[in-house]
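Have a look at data.cif below; it lists mmCIF, C-alpha atoms.
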data_my_file
#
loop_
_atom_site.group_PDB
_atom_site.id
_atom_site.type_symbol
_atom_site.label_atom_id
_atom_site.label_comp_id
_atom_site.auth_asym_id
_atom_site.auth_seq_id
_atom_site.Cartn_x
_atom_site.Cartn_y
_atom_site.Cartn_z
ATOM 1 C CA MET A 100 14.560 26.603 12.675
ATOM 2 C CA LEU A 101 14.933 22.828 12.703
ATOM 3 C CA LEU A 102 12.004 20.618 11.906
ATOM 4 C CA ARG A 103 11.375 17.386 13.791
ATOM 5 C CA SER A 104 12.709 15.314 10.863
ATOM 6 C CA ASP A 105 15.901 17.438 10.837
ATOM 7 C CA ASN A 106 16.432 16.735 14.546
ATOM 8 C CA ALA A 107 16.022 13.024 13.911
ATOM 9 C CA ARG A 108 18.534 13.124 11.053
ATOM 10 C CA LEU A 109 21.073 14.986 13.194
ATOM 11 C CA PHE A 110 20.570 12.477 16.015
ATOM 12 C CA ARG A 111 21.146 9.545 13.673
ATOM 13 C CA CYS A 112 24.387 11.100 12.450
ATOM 14 C CA ALA A 113 25.578 11.828 15.971
ATOM 15 C CA LEU A 114 25.191 8.162 16.885
ATOM 16 C CA ILE A 115 27.985 7.123 14.533
ATOM 17 C CA GLY A 116 30.553 8.285 17.084
ATOM 18 C CA LEU A 117 29.130 6.051 19.861
ATOM 19 C CA SER A 118 30.540 2.669 20.874
ATOM 20 C CA GLY A 119 28.664 -0.506 19.909
ATOM 21 C CA ALA A 120 26.889 -0.876 23.296
ATOM 22 C CA GLU A 121 25.983 2.823 23.427
ATOM 23 C CA LEU A 122 24.762 2.611 19.874
ATOM 24 C CA GLN A 123 22.447 -0.337 20.566
ATOM 25 C CA THR A 124 21.121 1.345 23.708
ATOM 26 C CA GLY A 125 20.598 4.663 21.970
ATOM 27 C CA LEU A 126 18.763 3.084 19.072
ATOM 28 C CA ALA A 127 16.617 0.847 21.299
ATOM 29 C CA ASP A 128 15.684 3.773 23.536
ATOM 30 C CA ARG A 129 14.525 5.789 20.570
ATOM 31 C CA ARG A 130 12.860 2.803 18.877
ATOM 32 C CA TRP A 131 14.582 3.772 15.620
ATOM 33 C CA ALA A 132 16.274 0.547 14.814
ATOM 34 C CA ASP A 133 16.373 -3.038 15.740
ATOM 35 C CA GLU A 134 19.191 -5.525 15.715
ATOM 36 C CA THR A 135 18.972 -6.169 11.967
ATOM 37 C CA ASN A 136 19.451 -2.663 10.628
ATOM 38 C CA THR A 137 22.233 -1.357 12.895
ATOM 39 C CA ARG A 138 24.770 -2.604 10.361
ATOM 40 C CA HIS A 139 23.344 -0.035 7.932
ATOM 41 C CA LEU A 140 23.807 2.796 10.404
ATOM 42 C CA PRO A 141 26.566 4.591 8.453
ATOM 43 C CA PHE A 142 24.114 4.967 5.571
ATOM 44 C CA LEU A 143 21.365 6.449 7.732
ATOM 45 C CA CYS A 144 22.935 9.882 7.760
ATOM 46 C CA ALA A 145 24.391 9.903 4.272
ATOM 47 C CA ASP A 146 21.770 12.444 3.214
ATOM 48 C CA ALA A 147 22.794 14.801 6.030
ATOM 49 C CA VAL A 148 26.519 14.918 5.261
ATOM 50 C CA LEU A 149 27.671 18.095 3.568
ATOM 51 C CA ALA A 150 30.909 18.022 1.607
ATOM 52 C CA GLN A 151 32.462 21.387 2.342
ATOM 53 C CA CYS A 152 36.005 22.598 2.598
ATOM 54 C CA PRO A 153 37.131 24.167 5.888
ATOM 55 C CA ALA A 154 37.117 27.948 6.204
ATOM 56 C CA GLY A 155 39.899 29.528 4.170
ATOM 57 C CA ILE A 156 40.249 26.463 1.941
ATOM 58 C CA LEU A 157 39.057 26.764 -1.627
ATOM 59 C CA SER A 158 37.475 24.118 -3.821
ATOM 60 C CA ALA A 159 36.613 26.183 -6.928
ATOM 61 C CA GLY A 160 34.804 23.305 -8.582
ATOM 62 C CA ASN A 161 37.732 21.012 -7.862
ATOM 63 C CA PRO A 162 36.836 17.768 -6.044
ATOM 64 C CA GLN A 163 39.759 18.402 -3.679
ATOM 65 C CA CYS A 164 40.049 21.225 -1.179
ATOM 66 C CA LEU A 165 42.983 23.494 -1.947
ATOM 67 C CA PRO A 166 44.802 25.832 0.443
ATOM 68 C CA PRO A 167 44.502 29.522 -0.500
ATOM 69 C CA ASP A 168 48.204 29.727 -1.348
ATOM 70 C CA ALA A 169 48.233 26.732 -3.717
ATOM 71 C CA PRO A 170 50.308 27.424 -6.839
ATOM 72 C CA GLY A 171 48.220 28.195 -9.890
ATOM 73 C CA TRP A 172 45.177 29.365 -7.897
ATOM 74 C CA LYS A 173 44.055 32.870 -7.071
ATOM 75 C CA ARG A 174 40.964 33.497 -4.933
ATOM 76 C CA GLY A 175 39.478 30.113 -5.836
ATOM 77 C CA VAL A 176 39.887 30.535 -9.574
ATOM 78 C CA PRO A 177 42.564 28.732 -11.588
ATOM 79 C CA VAL A 178 45.177 31.141 -12.893
ATOM 80 C CA ALA A 179 45.737 30.653 -16.616
ATOM 81 C CA GLN A 180 49.314 30.662 -17.771
ATOM 82 C CA GLU A 181 49.919 33.995 -19.396
ATOM 83 C CA ALA A 182 51.379 33.800 -22.853
ATOM 84 C CA GLN A 183 54.876 35.196 -23.068
ATOM 85 C CA ARG A 184 54.443 38.738 -24.297
ATOM 86 C CA PRO A 185 56.973 40.279 -26.664
ATOM 87 C CA HIS A 186 59.419 42.474 -24.772
ATOM 88 C CA TRP A 187 62.836 44.071 -24.925
ATOM 89 C CA SER A 188 65.504 41.940 -23.284
ATOM 90 C CA SER A 189 68.645 43.687 -22.022
ATOM 91 C CA ARG A 190 72.075 42.644 -23.252
ATOM 92 C CA TRP A 191 75.406 43.021 -21.510
ATOM 93 C CA GLY A 192 78.959 43.667 -22.597
ATOM 94 C CA ALA A 193 82.257 43.872 -20.707
ATOM 95 C CA ILE A 194 85.900 44.800 -21.144
ATOM 96 C CA ALA A 195 88.671 43.014 -19.234
ATOM 97 C CA VAL A 196 92.174 44.481 -19.348
ATOM 98 C CA ASP A 197 95.674 43.397 -18.344
ATOM 99 C CA GLY A 198 97.229 46.867 -18.086
ATOM 100 C CA LEU A 199 100.818 45.613 -17.609
ATOM 101 C CA ASN A 200 100.818 43.493 -20.769
ATOM 102 C CA SER A 201 98.354 45.640 -22.787
ATOM 103 C CA MET A 202 95.960 42.732 -23.337
ATOM 104 C CA VAL A 203 92.228 43.237 -23.755
ATOM 105 C CA GLY A 204 89.292 40.831 -23.754
ATOM 106 C CA THR A 205 85.799 41.889 -24.718
ATOM 107 C CA ALA A 206 82.293 40.483 -24.682
ATOM 108 C CA ALA A 207 79.042 41.747 -26.154
ATOM 109 C CA THR A 208 75.384 40.674 -26.416
ATOM 110 C CA GLN A 209 75.439 38.465 -23.320
ATOM 111 C CA LYS A 210 72.218 37.844 -21.387
ATOM 112 C CA THR A 211 73.722 38.560 -17.955
ATOM 113 C CA GLN A 212 76.439 40.726 -16.481
ATOM 114 C CA ALA A 213 78.192 37.665 -15.064
ATOM 115 C CA ALA A 214 78.270 35.989 -18.499
ATOM 116 C CA ALA A 215 79.693 39.137 -20.110
ATOM 117 C CA GLU A 216 82.402 39.489 -17.457
ATOM 118 C CA ARG A 217 83.336 35.786 -17.745
ATOM 119 C CA GLU A 218 83.620 36.023 -21.536
ATOM 120 C CA ALA A 219 85.740 39.199 -21.365
ATOM 121 C CA MET A 220 88.081 37.619 -18.790
ATOM 122 C CA ARG A 221 88.402 34.491 -20.947
ATOM 123 C CA GLY A 222 89.236 36.607 -24.008
ATOM 124 C CA CYS A 223 91.894 38.568 -22.118
ATOM 125 C CA THR A 224 93.492 35.396 -20.739
ATOM 126 C CA ILE A 225 93.488 33.633 -24.143
ATOM 127 C CA LYS A 226 95.369 36.591 -25.655
ATOM 128 C CA GLY A 227 98.115 36.184 -23.056
ATOM 129 C CA GLY A 228 96.938 38.404 -20.226
ATOM 130 C CA ARG A 229 98.222 37.315 -16.820
ATOM 131 C CA ASP A 230 96.638 39.953 -14.601
ATOM 132 C CA CYS A 231 93.281 40.487 -16.326
ATOM 133 C CA LYS A 232 90.614 42.457 -14.480
ATOM 134 C CA VAL A 233 87.155 43.534 -15.578
ATOM 135 C CA SER A 234 87.491 47.226 -16.294
ATOM 136 C CA LEU A 235 83.913 47.929 -17.335
ATOM 137 C CA ALA A 236 80.610 46.075 -17.608
ATOM 138 C CA TYR A 237 77.772 47.783 -19.447
ATOM 139 C CA ARG A 238 74.150 47.106 -20.338
ATOM 140 C CA ASP A 239 72.279 48.350 -23.418
ATOM 141 C CA ARG A 240 74.951 50.982 -24.109
ATOM 142 C CA CYS A 241 78.049 51.712 -26.156
ATOM 143 C CA VAL A 242 81.630 51.508 -24.968
ATOM 144 C CA ALA A 243 84.988 52.783 -26.200
ATOM 145 C CA LEU A 244 88.530 51.951 -25.088
ATOM 146 C CA ALA A 245 91.575 54.123 -25.805
ATOM 147 C CA TRP A 246 95.177 53.614 -24.661
ATOM 148 C CA GLY A 247 97.328 56.478 -23.455
ATOM 149 C CA ALA A 248 101.112 56.398 -22.953
ATOM 150 C CA ASP A 249 100.962 54.045 -19.944
ATOM 151 C CA PHE A 250 97.255 53.882 -19.132
ATOM 152 C CA TYR A 251 93.893 53.246 -20.753
ATOM 153 C CA ILE A 252 90.462 54.817 -20.560
ATOM 154 C CA ALA A 253 87.246 52.813 -20.952
ATOM 155 C CA ALA A 254 84.082 54.870 -21.282
ATOM 156 C CA SER A 255 80.423 53.994 -21.670
ATOM 157 C CA ALA A 256 77.679 56.199 -23.129
ATOM 158 C CA ILE A 257 74.322 56.043 -24.867
ATOM 159 C CA ASP A 258 75.933 56.140 -28.329
ATOM 160 C CA ALA A 259 79.312 55.229 -29.843
ATOM 161 C CA ASP A 260 80.358 58.801 -30.691
ATOM 162 C CA GLU A 261 79.864 60.006 -27.141
ATOM 163 C CA ALA A 262 81.689 56.991 -25.638
ATOM 164 C CA SER A 263 84.620 57.531 -28.025
ATOM 165 C CA ALA A 264 84.750 61.267 -27.274
ATOM 166 C CA VAL A 265 84.969 60.626 -23.512
ATOM 167 C CA ALA A 266 87.686 57.954 -23.900
ATOM 168 C CA LEU A 267 89.754 60.046 -26.333
ATOM 169 C CA ARG A 268 89.499 63.198 -24.223
ATOM 170 C CA GLY A 269 90.971 61.285 -21.279
ATOM 171 C CA CYS A 270 93.865 59.884 -23.319
ATOM 172 C CA GLY A 271 94.679 62.784 -25.594
ATOM 173 C CA ARG A 272 94.486 60.594 -28.715
ATOM 174 C CA SER A 273 92.553 60.864 -31.944
ATOM 175 C CA THR A 274 91.404 57.239 -32.430
ATOM 176 C CA THR A 275 89.977 54.584 -30.172
ATOM 177 C CA ASP A 276 91.384 51.091 -29.912
ATOM 178 C CA TYR A 277 87.996 49.443 -29.404
ATOM 179 C CA SER A 278 84.360 50.463 -29.546
ATOM 180 C CA GLU A 279 81.154 48.434 -29.406
ATOM 181 C CA CYS A 280 77.459 48.994 -28.854
ATOM 182 C CA VAL A 281 75.165 46.536 -27.127
ATOM 183 C CA ARG A 282 71.455 47.043 -27.688
ATOM 184 C CA PRO A 283 68.504 45.252 -26.140
ATOM 185 C CA GLU A 284 66.960 42.496 -28.239
ATOM 186 C CA TRP A 285 63.269 42.161 -29.074
ATOM 187 C CA GLN A 286 62.010 38.848 -27.678
ATOM 188 C CA ARG A 287 58.830 37.245 -29.036
#

If you took the structure in this file and wrote it as structure tokens, what would it be?
Amino acid sequence: MLLRSDNARLFRCALIGLSGAELQTGLADRRWADETNTRHLPFLCADAVLAQCPAGILSAGNPQCLPPDAPGWKRGVPVAQEAQRPHWSSRWGAIAVDGLNSMVGTAATQKTQAAAEREAMRGCTIKGGRDCKVSLAYRDRCVALAWGADFYIAASAIDADEASAVALRGCGRSTTDYSECVRPEWQR
């Protein structure tokens, strides 16, 4: 329910949108103002203005209205940056082979598969390989490589003994030419 003084305040605020002639007429008709105080009209309704953000826009104590999807804000509350928690970070390894020239390039403990493959290819090429291809990329595992008469076997497993056993079984040999384990690293 609006009181008479509230109606008057709302009327004064509504007059701000009127043209100069309409404003003078409106004020004279209501006997609210004379010629001397119309210049103060914008201040007449200052007490009736509410500073609110539009629906769906959050202020959360901030002097500016923020859209609901603003970065760093969640339901009107600033989101604190979470401290980096310690975690296991995967590591990658790769083997690149030039089967025609018997050249091998390897990589271990790389942060990404692409980095491991690049490093293995570079190693194979530096050793003289002309037709190097990534034979195997692996993450957080062990690998073994064994050469047969005119072929090679690269195998990956959870531990070095198992990887070597698989590679040797495929080649019919008793020793591997390369083995490596890549384990995740603890990040603080």

Any chance you could work out the residue set of the PyMOL selection byres ((chain A and resi 210-215) around 6) here, as a list in words?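 Evaluating the PyMOL selection byres ((chain A and resi 210-215) around 6) on these coordinates yields Arg190, Trp191, Gly192, Ala193, Ala206, Gln209, Glu216, Arg217 and Glu218 of chain A.
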
Using the chain letters and numbers from the file, which residues does the PyMOL selection byres ((chain A and resi 257-273) around 6) grab, as a ChimeraX atom specification? /A:240-243,245,247,252-256,274

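Note that atom CA of A:Ala248 and atom CA of A:Ala207 are 26.7 Å apart.
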
Computed interatomic separation between atom CA of A:Trp285 and atom CA of A:Ala219 (Å):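 Atom CA of A:Trp285 sits 23.9 Å away from atom CA of A:Ala219.
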
What does the structure give for the distance between atom CA of A:Pro283 and atom CA of A:Ala236, in Å to one decimal?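 Between these atoms lies a distance of 14.8 Å.
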